[in-house]
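Engineer: Questions regarding the structure given below will be posed in turn.
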Amino acid sequence: MKTAEAVTEGHPDKVCDQIADAILDAYLFRDPAARVAVEVFGSHGLLVIGGEVTSEAQVDVEAVARKVYADIGYPDDIEVLANLHRQSPEIAAGVNLGGAGDQGIMHGYATSETKEMMPRAFVLAQKLAHGLADLRRLDRDFSWLKPDGKTQVTMDGGRIANIVVSAQHAPTITAAAMKPLLIASLIRPLAGDVPDAAIMVNPAGNFTEGGFVADTGLTGRKIIVDAYGPHLPVGGGAFSGKDATKVDRSAAYMCRFAAKNIVANGLAKNCFVSVAYAIGQENPVMLTAKGDGNKDLSPILKQHFDFRPLAIIERLKLRQPIFQRTACYGHFGREGFPWEEIVSL
């Protein structure tokens, strides 16, 4: 059995990720060469923004944060504290020469088991989470849905064995009343008829308080949800709030790009790519690819893909302000991002 989970845009951690990436995008829109490393913490009426920014651009980070928070669907006011400083000149010296902004290990994966080239349970969990948001925003009959929520899918071979949906809701409806409505309008349209599956909706009961009212949030705390699910290794770093000189993000995107194209070109049914860097150095200290069991695909990887940080930024066009949309519903397996494009090898 394999289980994967996903969260909605109103989950506290994802609120923080989206605010961090919205701040990144705001700087990149004004200054494509901006260096940004922003962390966000939210808790019970308070939002704290910290980190490093090196740019001549001026951004009202408090206004950006408030807009994202309201756009997600939270009407309550929130106190915002911002404390941003310039990047360390010692780190900048290596990055300025084209080196990696930090040491670390990044991974990428692709599989032919779904059209998204992602693990099946993970794809469905993300679709269910996104579907909750679509119902809340687009269907008047579901106006009782609120922003916070989680989904979870368990697969037993090719069969869906279990689906869990936890959705924040208005006090005007109960968890019991929600279940048949969400089965009919969310689960069946996305998962099909699953008569043998155990379906749980709000298994803990009513869920009327969500977001920072009920819990704390922090950037980078959903790295498995951001990547490929719990059955594949993830690198040591999170993505959101970091510009592309931070290989935690850019190299992970390049690993996905390489793995997906190796599979898309019929060179393997699945592919797992790994890369590691030393801070300030241009060339990776490790670069490998394996697929279809233990088949070594590293020669193909090294022949077709350049993993130097500046080469990654150029190939994937990572100085564009495209990152806020990545911050929820997964960074991979979604159309519209450069690292998801298929090229001929």
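Labels for the structure tokens follow display order: chains A, B, ..., residues from 1 in each chain, ligands from 1.
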Near A:Arg66, counting only C-alpha atoms, which residues have an atom at most 9 Å away, once you skip same-chain residues fewer than 5 positions from it, shown as an mmCIF file with C-alpha atoms, in the first residue's frame?
Structural biologist:
data_model
loop_
_atom_site.group_PDB
_atom_site.id
_atom_site.type_symbol
_atom_site.label_atom_id
_atom_site.label_comp_id
_atom_site.auth_asym_id
_atom_site.auth_seq_id
_atom_site.Cartn_x
_atom_site.Cartn_y
_atom_site.Cartn_z
ATOM 1 C CA ILE A 19 3.297 34.785 1.088
ATOM 2 C CA VAL A 61 6.245 43.289 1.841
ATOM 3 C CA ASP A 71 -7.010 36.464 -1.471
ATOM 4 C CA ASP A 77 -6.976 41.389 10.191
ATOM 5 C CA ILE A 78 -3.463 40.276 11.051
ATOM 6 C CA VAL A 80 2.584 41.913 10.268
#
Engineer: Neighbours of A:Thr172 within 12 Å (only C-alpha atoms; same-chain residues fewer than 3 positions away dropped), as an NGL selection string?
Structural biologist: :A and (142-146 or 168-169 or 175 or 177-178 or 206-208)
Engineer: Just the residues within 12 Å of A:Val68, please, counting only C-alpha atoms, with nothing from its chain fewer than 6 positions along; format it as an MDAnalysis selection string.
Structural biologist: chainID A and resid 9:10 14:23 26 61:62 74:75 78 324:325 327
Engineer: With C-alpha atoms retained, could you export that selection as a short mmCIF file (atom, residue, chain, number, x, y, z; two decimals), in the first residue's frame?
Structural biologist:
data_model
loop_
_atom_site.label_atom_id
_atom_site.label_comp_id
_atom_site.auth_asym_id
_atom_site.auth_seq_id
_atom_site.Cartn_x
_atom_site.Cartn_y
_atom_site.Cartn_z
CA GLU A 9 -4.05 26.87 0.01
CA GLY A 10 -5.58 27.82 3.37
CA LYS A 14 0.87 26.84 2.79
CA VAL A 15 -0.30 30.36 3.62
CA CYS A 16 3.28 31.07 4.68
CA ASP A 17 4.73 29.48 1.54
CA GLN A 18 2.45 31.54 -0.68
CA ILE A 19 3.30 34.78 1.09
CA ALA A 20 7.03 34.04 0.81
CA ASP A 21 6.76 33.31 -2.91
CA ALA A 22 4.54 36.33 -3.52
CA ILE A 23 7.27 38.50 -1.96
CA ALA A 26 7.26 41.07 -6.31
CA VAL A 61 6.24 43.29 1.84
CA GLU A 62 3.53 43.96 4.41
CA TYR A 74 -9.17 34.90 5.37
CA PRO A 75 -11.08 38.10 6.19
CA ILE A 78 -3.46 40.28 11.05
CA GLN A 324 3.65 32.12 -6.12
CA ARG A 325 1.62 29.63 -8.16
CA ALA A 327 3.49 27.38 -3.51
#
Engineer: Can you pull out every residue within 8 Å of A:Ala289, counting only C-alpha atoms, but drop anything in the same chain fewer than 3 positions away, and send it as a CSV table (one decimal) with C-alpha atoms, in the first residue's frame?
Structural biologist:
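Generated file (around.csv):
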chain,number,residue,atom,x,y,z
A,259,ALA,CA,13.9,13.0,-14.9
A,271,CYS,CA,13.8,7.9,-13.3
A,272,PHE,CA,15.3,9.3,-10.1
A,273,VAL,CA,17.9,12.1,-10.4
A,274,SER,CA,20.2,13.3,-7.6
A,296,ASP,CA,22.3,3.6,-14.4
A,297,LEU,CA,21.1,6.5,-16.4
A,298,SER,CA,23.8,8.9,-15.4
A,301,LEU,CA,21.8,12.7,-17.7
Engineer: Show me, as a VMD selection string, the residues that have an atom within 9 Å of A:Gly99 when counting only C-alpha atoms, minus same-chain residues fewer than 5 positions from it.
Structural biologist: chain A and resid 93 to 94 245 278 to 283 308 to 310
Engineer: Which residues are close to A:Gly211, i.e. within 6 Å by only C-alpha atoms, leaving aside same-chain residues fewer than 5 positions away? Reply as a ChimeraX atom specification.
Structural biologist: /A:11-12,148
Engineer: Contacts of A:Ala276 at 8 Å or less, counting only C-alpha atoms, minus same-chain residues fewer than 3 places along, as a ChimeraX atom specification?
Structural biologist: /A:103-106,284-287
Engineer: Please indicate the distance in Å from atom CA of A:Asp60 to atom CA of A:Lys246, rounded to one decimal place.
Structural biologist: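 If I compute the distance from atom CA of A:Asp60 to atom CA of A:Lys246, I get 22.8 Å.
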Engineer: Pick the closest to A:Thr326 from A:Glu39, A:Glu116, A:Glu209, A:Asp25: which is it, counting only C-alpha atoms?
Structural biologist: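 Of A:Glu39, A:Glu116, A:Glu209, A:Asp25, the one nearest A:Thr326 is A:Asp25, counting only C-alpha atoms.
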